[in-house]
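Colleague: Before I ask anything, here is the structure I am working with.
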Amino acid sequence: MADTRLVVGDITTAEVDAIVNAANERMLGGGGVDGAIHRAAGPDLLAECRKVPAVNGIRCPTGEARITGAGNLPARYVIHTVGPVYHQVSHPAALLASAYRNSLQLALDNACRSIAFPAISCGVFGYPLEAAAKVALETCAARDYESLNIVFYLFDETTYSAWHRSLSTR
Ligand code: AR6
């Protein structure tokens, strides 16, 4: 199994090859962790996002992922993914797993050894914490990703506890 660590903290400080952004389909910034990442990275990140091809304004459909440089962040790359809006889709777990899987695959494709995730969909997108933790940790535990060092940056104690409980019952 991949080396998986949990920390309480701000993902913009993560010293890893790639940090994952919980973005929206337009991929031009937003609130929550997306806003924090764009603020810390500076305007180069938005400029790179604008270069990602869009179809009807959509750069990254829900469950997919895209990679850019990371501007002023300590990380080399930002992997932008879009989790499901929990109450708007009929199969949220499949889409959330897909967001994690596609992010992990992009990290491997770009020779990353380490990747940091936030709790995708657990803010304004309303995903229940226990259920999200289970999907996140199960997906990251797949053998395909065992070469990666994976760290979850969980922003508050409640989210950390949900992940910690899920990891210790695996
Ligand atoms: N570091 C780590 N985690 C953070 C940080 C941070 N600096 N800031 C917030 N979080 P959310 P979503 C946590 O709402 O639910 C944006 O507007 C936060 O406490 O950022 O996937 C996008 O543009 C929560 O646990 O993402 C989209 O429109 C987790 O990150 C939409 O929000 C995710 O919360 C995406 O919603």
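Identifiers in this document derive from the order of the structure tokens: chains are assigned A, B, ..., residues are numbered from 1 separately in each chain, and ligands are numbered from 1 in order of occurrence.
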Mind dumping a table of every chain A residue within 8 Å of ligand 1, with the nearest atom pair and its distance in Å to one decimal, using only C-alpha atoms and all ligand atoms, sorted by chain and rising number, as CSV?
Modeller:
residue,atom,partner,partner_atom_place_in_ligand_line,distance
A:Gly9,CA,ligand 1,2 (C),6.0
A:Asp10,CA,ligand 1,1 (N),3.6
A:Ile11,CA,ligand 1,1 (N),4.0
A:Thr12,CA,ligand 1,7 (N),5.9
A:Ala22,CA,ligand 1,21 (O),4.5
A:Ala23,CA,ligand 1,22 (C),4.3
A:Asn24,CA,ligand 1,27 (C),4.3
A:Glu25,CA,ligand 1,28 (O),7.8
A:Met27,CA,ligand 1,23 (O),7.2
A:Leu28,CA,ligand 1,23 (O),7.6
A:Gly29,CA,ligand 1,23 (O),5.3
A:Gly30,CA,ligand 1,23 (O),3.5
A:Gly31,CA,ligand 1,17 (O),3.5
A:Gly32,CA,ligand 1,20 (O),3.3
A:Val33,CA,ligand 1,8 (N),3.6
A:Asp34,CA,ligand 1,23 (O),5.2
A:Gly35,CA,ligand 1,17 (O),6.8
A:Ala36,CA,ligand 1,7 (N),5.1
A:Ile37,CA,ligand 1,7 (N),6.7
A:Val82,CA,ligand 1,21 (O),6.7
A:Gly83,CA,ligand 1,21 (O),5.6
A:Pro84,CA,ligand 1,21 (O),7.5
A:Val85,CA,ligand 1,36 (O),7.5
A:Phe117,CA,ligand 1,2 (C),7.9
A:Pro118,CA,ligand 1,3 (N),4.9
A:Ala119,CA,ligand 1,29 (C),4.5
A:Ile120,CA,ligand 1,21 (O),4.4
A:Ser121,CA,ligand 1,21 (O),3.1
A:Cys122,CA,ligand 1,15 (O),4.3
A:Gly123,CA,ligand 1,34 (O),3.2
A:Val124,CA,ligand 1,14 (O),4.1
A:Phe125,CA,ligand 1,15 (O),3.8
A:Gly126,CA,ligand 1,15 (O),6.0
A:Tyr127,CA,ligand 1,15 (O),7.1
A:Tyr153,CA,ligand 1,2 (C),5.2
A:Leu154,CA,ligand 1,3 (N),5.3
A:Phe155,CA,ligand 1,3 (N),4.4
A:Asp156,CA,ligand 1,19 (O),6.6
A:Thr159,CA,ligand 1,25 (O),6.4
Colleague: Could you dump the residues just selected with C-alpha atoms as an mmCIF file, in the first residue's frame?
Modeller:
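Writing done, so here's selection-v8.cif:
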data_model
loop_
_atom_site.group_PDB
_atom_site.id
_atom_site.type_symbol
_atom_site.label_atom_id
_atom_site.label_comp_id
_atom_site.auth_asym_id
_atom_site.auth_seq_id
_atom_site.Cartn_x
_atom_site.Cartn_y
_atom_site.Cartn_z
ATOM 1 C CA GLY A 9 -2.974 22.060 7.905
ATOM 2 C CA ASP A 10 -2.943 24.323 4.893
ATOM 3 C CA ILE A 11 -2.183 22.457 1.670
ATOM 4 C CA THR A 12 -0.529 25.513 0.100
ATOM 5 C CA ALA A 22 -10.588 20.828 -5.299
ATOM 6 C CA ALA A 23 -11.636 23.012 -8.224
ATOM 7 C CA ASN A 24 -14.789 23.530 -10.241
ATOM 8 C CA GLU A 25 -15.370 22.649 -13.883
ATOM 9 C CA MET A 27 -11.018 25.852 -13.428
ATOM 10 C CA LEU A 28 -10.559 29.596 -13.029
ATOM 11 C CA GLY A 29 -10.481 29.783 -9.248
ATOM 12 C CA GLY A 30 -13.152 29.943 -6.560
ATOM 13 C CA GLY A 31 -13.525 29.870 -2.780
ATOM 14 C CA GLY A 32 -12.290 27.351 -0.190
ATOM 15 C CA VAL A 33 -9.090 25.498 -0.953
ATOM 16 C CA ASP A 34 -9.246 26.626 -4.600
ATOM 17 C CA GLY A 35 -9.125 30.282 -3.528
ATOM 18 C CA ALA A 36 -6.299 29.600 -1.062
ATOM 19 C CA ILE A 37 -4.218 27.822 -3.725
ATOM 20 C CA VAL A 82 -13.488 18.382 -9.598
ATOM 21 C CA GLY A 83 -15.375 16.323 -7.053
ATOM 22 C CA PRO A 84 -19.145 15.825 -7.187
ATOM 23 C CA VAL A 85 -21.697 18.163 -5.627
ATOM 24 C CA PHE A 117 -4.759 16.040 -1.289
ATOM 25 C CA PRO A 118 -7.376 18.174 0.448
ATOM 26 C CA ALA A 119 -10.729 16.653 1.429
ATOM 27 C CA ILE A 120 -12.213 16.904 -2.066
ATOM 28 C CA SER A 121 -15.958 17.776 -2.101
ATOM 29 C CA CYS A 122 -16.110 18.114 1.707
ATOM 30 C CA GLY A 123 -16.641 21.890 1.770
ATOM 31 C CA VAL A 124 -19.259 23.700 -0.294
ATOM 32 C CA PHE A 125 -19.893 20.531 -2.336
ATOM 33 C CA GLY A 126 -21.392 18.951 0.821
ATOM 34 C CA TYR A 127 -19.964 15.423 0.850
ATOM 35 C CA TYR A 153 -3.982 18.022 4.310
ATOM 36 C CA LEU A 154 -7.149 18.203 6.390
ATOM 37 C CA PHE A 155 -8.138 21.694 7.336
ATOM 38 C CA ASP A 156 -9.814 21.131 10.689
ATOM 39 C CA THR A 159 -12.159 16.344 9.032
#
Colleague: Leaving out Arg59 in chain A and any residue of its chain fewer than 3 positions from it, which residues lie within 10 Å of it when counting only C-alpha atoms, given as a list in words?
Modeller: Asn24, Glu25, Arg26, Met27, Leu28, Cys49, Arg50, Lys51, Val52, Pro53, Ala54, Val55, Asn56, Thr62, Glu64, Ala65, Arg66 and His80 of chain A
Colleague: Just write the chosen residues, N, CA and C atoms, as a PDB file, in the first residue's frame.
Modeller:
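So the final result, stored in again_29.pdb, reads:
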ATOM      1  N   ASN A  24     -13.490  23.712  -9.570  1.00  0.00           N
ATOM      2  CA  ASN A  24     -14.789  23.530 -10.241  1.00  0.00           C
ATOM      3  C   ASN A  24     -14.519  23.361 -11.732  1.00  0.00           C
ATOM      4  N   GLU A  25     -15.570  23.051 -12.486  1.00  0.00           N
ATOM      5  CA  GLU A  25     -15.370  22.649 -13.883  1.00  0.00           C
ATOM      6  C   GLU A  25     -14.769  23.754 -14.763  1.00  0.00           C
ATOM      7  N   ARG A  26     -14.961  25.017 -14.387  1.00  0.00           N
ATOM      8  CA  ARG A  26     -14.397  26.105 -15.200  1.00  0.00           C
ATOM      9  C   ARG A  26     -12.893  26.243 -14.970  1.00  0.00           C
ATOM     10  N   MET A  27     -12.452  25.854 -13.786  1.00  0.00           N
ATOM     11  CA  MET A  27     -11.018  25.852 -13.428  1.00  0.00           C
ATOM     12  C   MET A  27     -10.376  27.234 -13.466  1.00  0.00           C
ATOM     13  N   LEU A  28     -11.127  28.242 -13.050  1.00  0.00           N
ATOM     14  CA  LEU A  28     -10.559  29.596 -13.029  1.00  0.00           C
ATOM     15  C   LEU A  28     -10.572  30.193 -11.628  1.00  0.00           C
ATOM     16  N   CYS A  49      -4.072  28.062 -16.027  1.00  0.00           N
ATOM     17  CA  CYS A  49      -5.407  27.453 -16.080  1.00  0.00           C
ATOM     18  C   CYS A  49      -6.144  27.910 -17.345  1.00  0.00           C
ATOM     19  N   ARG A  50      -5.986  29.187 -17.665  1.00  0.00           N
ATOM     20  CA  ARG A  50      -6.663  29.711 -18.859  1.00  0.00           C
ATOM     21  C   ARG A  50      -6.201  29.000 -20.125  1.00  0.00           C
ATOM     22  N   LYS A  51      -4.988  28.482 -20.124  1.00  0.00           N
ATOM     23  CA  LYS A  51      -4.452  27.802 -21.321  1.00  0.00           C
ATOM     24  C   LYS A  51      -5.005  26.386 -21.487  1.00  0.00           C
ATOM     25  N   VAL A  52      -5.599  25.842 -20.428  1.00  0.00           N
ATOM     26  CA  VAL A  52      -6.171  24.492 -20.536  1.00  0.00           C
ATOM     27  C   VAL A  52      -7.392  24.565 -21.452  1.00  0.00           C
ATOM     28  N   PRO A  53      -7.450  23.707 -22.469  1.00  0.00           N
ATOM     29  CA  PRO A  53      -8.572  23.789 -23.410  1.00  0.00           C
ATOM     30  C   PRO A  53      -9.932  23.661 -22.717  1.00  0.00           C
ATOM     31  N   ALA A  54     -10.875  24.497 -23.156  1.00  0.00           N
ATOM     32  CA  ALA A  54     -12.220  24.473 -22.570  1.00  0.00           C
ATOM     33  C   ALA A  54     -13.246  24.112 -23.640  1.00  0.00           C
ATOM     34  N   VAL A  55     -14.260  23.373 -23.243  1.00  0.00           N
ATOM     35  CA  VAL A  55     -15.396  23.096 -24.113  1.00  0.00           C
ATOM     36  C   VAL A  55     -16.619  23.716 -23.431  1.00  0.00           C
ATOM     37  N   ASN A  56     -17.204  24.698 -24.064  1.00  0.00           N
ATOM     38  CA  ASN A  56     -18.312  25.449 -23.463  1.00  0.00           C
ATOM     39  C   ASN A  56     -17.967  25.949 -22.057  1.00  0.00           C
ATOM     40  N   THR A  62     -16.465  17.033 -14.038  1.00  0.00           N
ATOM     41  CA  THR A  62     -16.494  16.370 -12.724  1.00  0.00           C
ATOM     42  C   THR A  62     -15.906  14.956 -12.823  1.00  0.00           C
ATOM     43  N   GLU A  64     -12.781  14.252 -13.461  1.00  0.00           N
ATOM     44  CA  GLU A  64     -11.528  14.255 -14.221  1.00  0.00           C
ATOM     45  C   GLU A  64     -10.487  15.122 -13.516  1.00  0.00           C
ATOM     46  N   ALA A  65      -9.294  15.231 -14.117  1.00  0.00           N
ATOM     47  CA  ALA A  65      -8.214  16.024 -13.520  1.00  0.00           C
ATOM     48  C   ALA A  65      -7.349  16.632 -14.613  1.00  0.00           C
ATOM     49  N   ARG A  66      -6.753  17.770 -14.313  1.00  0.00           N
ATOM     50  CA  ARG A  66      -5.844  18.475 -15.232  1.00  0.00           C
ATOM     51  C   ARG A  66      -4.633  18.940 -14.435  1.00  0.00           C
ATOM     52  N   HIS A  80      -5.560  19.836 -10.765  1.00  0.00           N
ATOM     53  CA  HIS A  80      -6.903  20.355 -10.519  1.00  0.00           C
ATOM     54  C   HIS A  80      -7.890  19.227 -10.784  1.00  0.00           C
TER      55      HIS A  80
END
Colleague: Which residues of range 44-124 of chain A have any atom within 8 Å of an atom in range 14-20 of chain A when counting only C-alpha atoms, and what is the closest pair of atoms for each, with the distance in Å to one decimal? Order the rows by chain and rising number and write it as a Markdown table.
Modeller:
| residue | atom | partner | partner_atom | distance |
| --- | --- | --- | --- | --- |
| A:Pro74 | CA | A:Glu15 | CA | 5.6 |
| A:Ala75 | CA | A:Asp17 | CA | 5.1 |
| A:Arg76 | CA | A:Asp17 | CA | 5.1 |
| A:Tyr77 | CA | A:Ala18 | CA | 4.6 |
| A:Val78 | CA | A:Ile19 | CA | 5.1 |
| A:Ile79 | CA | A:Val20 | CA | 4.6 |
| A:His80 | CA | A:Val20 | CA | 5.8 |
| A:Thr81 | CA | A:Val20 | CA | 7.0 |
| A:Ser103 | CA | A:Val20 | CA | 7.3 |
| A:Ala107 | CA | A:Ala18 | CA | 6.9 |
| A:Cys112 | CA | A:Asp17 | CA | 5.5 |
| A:Arg113 | CA | A:Asp17 | CA | 6.6 |
| A:Ser114 | CA | A:Val16 | CA | 5.2 |
| A:Ile115 | CA | A:Ala18 | CA | 4.8 |
| A:Ala116 | CA | A:Ile19 | CA | 4.7 |
| A:Phe117 | CA | A:Val20 | CA | 5.1 |
| A:Pro118 | CA | A:Val20 | CA | 6.8 |
Colleague: Please write the residues from the selection above to a file, keeping all heavy atoms, as a compact mmCIF listing (two decimals), in the first residue's frame.
Modeller:
# COMPACT_ATOMS: atom_id res chain seq x y z
N PRO A 74 5.46 25.91 -3.08
CA PRO A 74 6.62 25.02 -2.99
C PRO A 74 6.49 23.78 -3.88
O PRO A 74 7.50 23.19 -4.26
CB PRO A 74 6.67 24.62 -1.51
CG PRO A 74 5.51 25.24 -0.83
CD PRO A 74 4.78 26.12 -1.80
N ALA A 75 5.27 23.37 -4.20
CA ALA A 75 5.05 22.20 -5.05
C ALA A 75 5.47 22.50 -6.49
O ALA A 75 5.57 23.66 -6.89
CB ALA A 75 3.58 21.79 -5.00
N ARG A 76 5.72 21.45 -7.29
CA ARG A 76 6.06 21.65 -8.71
C ARG A 76 4.81 21.77 -9.57
O ARG A 76 4.81 22.46 -10.59
CB ARG A 76 6.90 20.47 -9.21
CG ARG A 76 8.34 20.54 -8.75
CD ARG A 76 9.02 19.19 -8.86
NE ARG A 76 8.92 18.61 -10.19
CZ ARG A 76 8.94 17.30 -10.44
NH1 ARG A 76 9.05 16.44 -9.45
NH2 ARG A 76 8.87 16.86 -11.67
N TYR A 77 3.79 21.05 -9.20
CA TYR A 77 2.56 21.02 -10.00
C TYR A 77 1.33 21.24 -9.12
O TYR A 77 1.32 20.86 -7.95
CB TYR A 77 2.37 19.64 -10.65
CG TYR A 77 3.48 19.21 -11.56
CD1 TYR A 77 4.34 18.16 -11.19
CD2 TYR A 77 3.68 19.81 -12.81
CE1 TYR A 77 5.35 17.74 -12.03
CE2 TYR A 77 4.69 19.40 -13.66
CZ TYR A 77 5.53 18.36 -13.26
OH TYR A 77 6.54 17.94 -14.10
N VAL A 78 0.28 21.77 -9.76
CA VAL A 78 -1.06 21.71 -9.18
C VAL A 78 -1.88 20.78 -10.07
O VAL A 78 -1.91 20.96 -11.30
CB VAL A 78 -1.74 23.09 -9.10
CG1 VAL A 78 -3.17 22.96 -8.56
CG2 VAL A 78 -0.95 24.03 -8.18
N ILE A 79 -2.49 19.79 -9.46
CA ILE A 79 -3.42 18.91 -10.18
C ILE A 79 -4.82 19.37 -9.79
O ILE A 79 -5.18 19.34 -8.60
CB ILE A 79 -3.16 17.44 -9.83
CG1 ILE A 79 -1.79 17.03 -10.37
CG2 ILE A 79 -4.27 16.56 -10.40
CD1 ILE A 79 -1.33 15.64 -9.95
N HIS A 80 -5.56 19.84 -10.77
CA HIS A 80 -6.90 20.36 -10.52
C HIS A 80 -7.89 19.23 -10.78
O HIS A 80 -7.87 18.62 -11.86
CB HIS A 80 -7.21 21.52 -11.47
CG HIS A 80 -6.14 22.58 -11.45
ND1 HIS A 80 -6.26 23.76 -10.74
CD2 HIS A 80 -4.92 22.63 -12.05
CE1 HIS A 80 -5.15 24.48 -10.90
NE2 HIS A 80 -4.33 23.82 -11.69
N THR A 81 -8.72 18.96 -9.81
CA THR A 81 -9.76 17.96 -10.04
C THR A 81 -11.08 18.52 -9.55
O THR A 81 -11.11 19.51 -8.82
CB THR A 81 -9.42 16.62 -9.34
OG1 THR A 81 -10.32 15.60 -9.82
CG2 THR A 81 -9.52 16.72 -7.84
N SER A 103 -6.40 12.03 -10.47
CA SER A 103 -5.33 12.87 -9.91
C SER A 103 -4.08 12.04 -9.67
O SER A 103 -2.96 12.46 -10.00
CB SER A 103 -5.79 13.50 -8.59
OG SER A 103 -6.92 14.30 -8.79
N ALA A 107 -0.33 12.33 -11.51
CA ALA A 107 0.91 12.44 -10.73
C ALA A 107 1.92 11.42 -11.23
O ALA A 107 3.09 11.75 -11.49
CB ALA A 107 0.63 12.25 -9.24
N CYS A 112 5.84 12.17 -10.55
CA CYS A 112 5.79 12.65 -9.17
C CYS A 112 6.04 11.48 -8.21
O CYS A 112 5.60 10.36 -8.46
CB CYS A 112 4.43 13.25 -8.85
SG CYS A 112 4.08 14.75 -9.78
N ARG A 113 6.72 11.78 -7.10
CA ARG A 113 6.92 10.79 -6.05
C ARG A 113 6.00 11.08 -4.86
O ARG A 113 5.77 10.21 -4.03
CB ARG A 113 8.38 10.83 -5.55
CG ARG A 113 9.42 10.66 -6.64
CD ARG A 113 9.39 9.26 -7.23
NE ARG A 113 9.50 8.23 -6.20
CZ ARG A 113 10.64 7.76 -5.72
NH1 ARG A 113 11.77 8.20 -6.20
NH2 ARG A 113 10.65 6.82 -4.78
N SER A 114 5.51 12.32 -4.78
CA SER A 114 4.70 12.70 -3.62
C SER A 114 3.54 13.60 -4.06
O SER A 114 3.69 14.41 -4.99
CB SER A 114 5.56 13.40 -2.57
OG SER A 114 6.24 14.49 -3.15
N ILE A 115 2.43 13.45 -3.37
CA ILE A 115 1.21 14.20 -3.75
C ILE A 115 0.43 14.52 -2.48
O ILE A 115 0.37 13.70 -1.55
CB ILE A 115 0.37 13.37 -4.75
CG1 ILE A 115 -0.89 14.13 -5.20
CG2 ILE A 115 -0.02 12.00 -4.19
CD1 ILE A 115 -1.61 13.46 -6.38
N ALA A 116 -0.14 15.72 -2.43
CA ALA A 116 -0.95 16.13 -1.28
C ALA A 116 -2.39 16.39 -1.74
O ALA A 116 -2.61 17.05 -2.76
CB ALA A 116 -0.38 17.39 -0.65
N PHE A 117 -3.33 15.86 -0.99
CA PHE A 117 -4.76 16.04 -1.29
C PHE A 117 -5.46 16.83 -0.19
O PHE A 117 -5.19 16.60 1.00
CB PHE A 117 -5.48 14.69 -1.32
CG PHE A 117 -5.29 13.88 -2.57
CD1 PHE A 117 -4.39 12.82 -2.59
CD2 PHE A 117 -6.03 14.15 -3.70
CE1 PHE A 117 -4.24 12.05 -3.73
CE2 PHE A 117 -5.89 13.38 -4.85
CZ PHE A 117 -4.98 12.33 -4.87
N PRO A 118 -6.42 17.66 -0.55
CA PRO A 118 -7.38 18.17 0.45
C PRO A 118 -8.55 17.19 0.51
O PRO A 118 -8.55 16.17 -0.21
CB PRO A 118 -7.82 19.50 -0.17
CG PRO A 118 -7.84 19.20 -1.64
CD PRO A 118 -6.73 18.18 -1.90
Colleague: Separation of CA of Gly71 in chain A and CA of Leu45 in chain A, in Å?
Modeller: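 It comes out at 5.4 Å.
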Colleague: According to DSSP computed on the backbone, where in chain A is there strand (DSSP E or B)? Give the residues as number ranges by chain.
Modeller: A: 3-8, 18-22, 55, 58, 65-69, 77-81, 114-117, 149-154
Colleague: For a test of reading the model, state the distance in Å between CA of Ala136 in chain A and CA of His164 in chain A, rounded to one decimal.
Modeller: 11.8 Å
Colleague: In Å, with one decimal, what is the gap from CA of Glu138 in chain A to CA of Leu73 in chain A?
Modeller: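 A separation of 28.1 Å between them.
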Colleague: Find, counting only C-alpha atoms, the residue in A:Thr4, A:Ala70, A:Asp109, A:Leu167 that gets nearest to Glu146 in chain A.
Modeller: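 Answer, going by the shortest atom-to-atom distance: A:Thr4.
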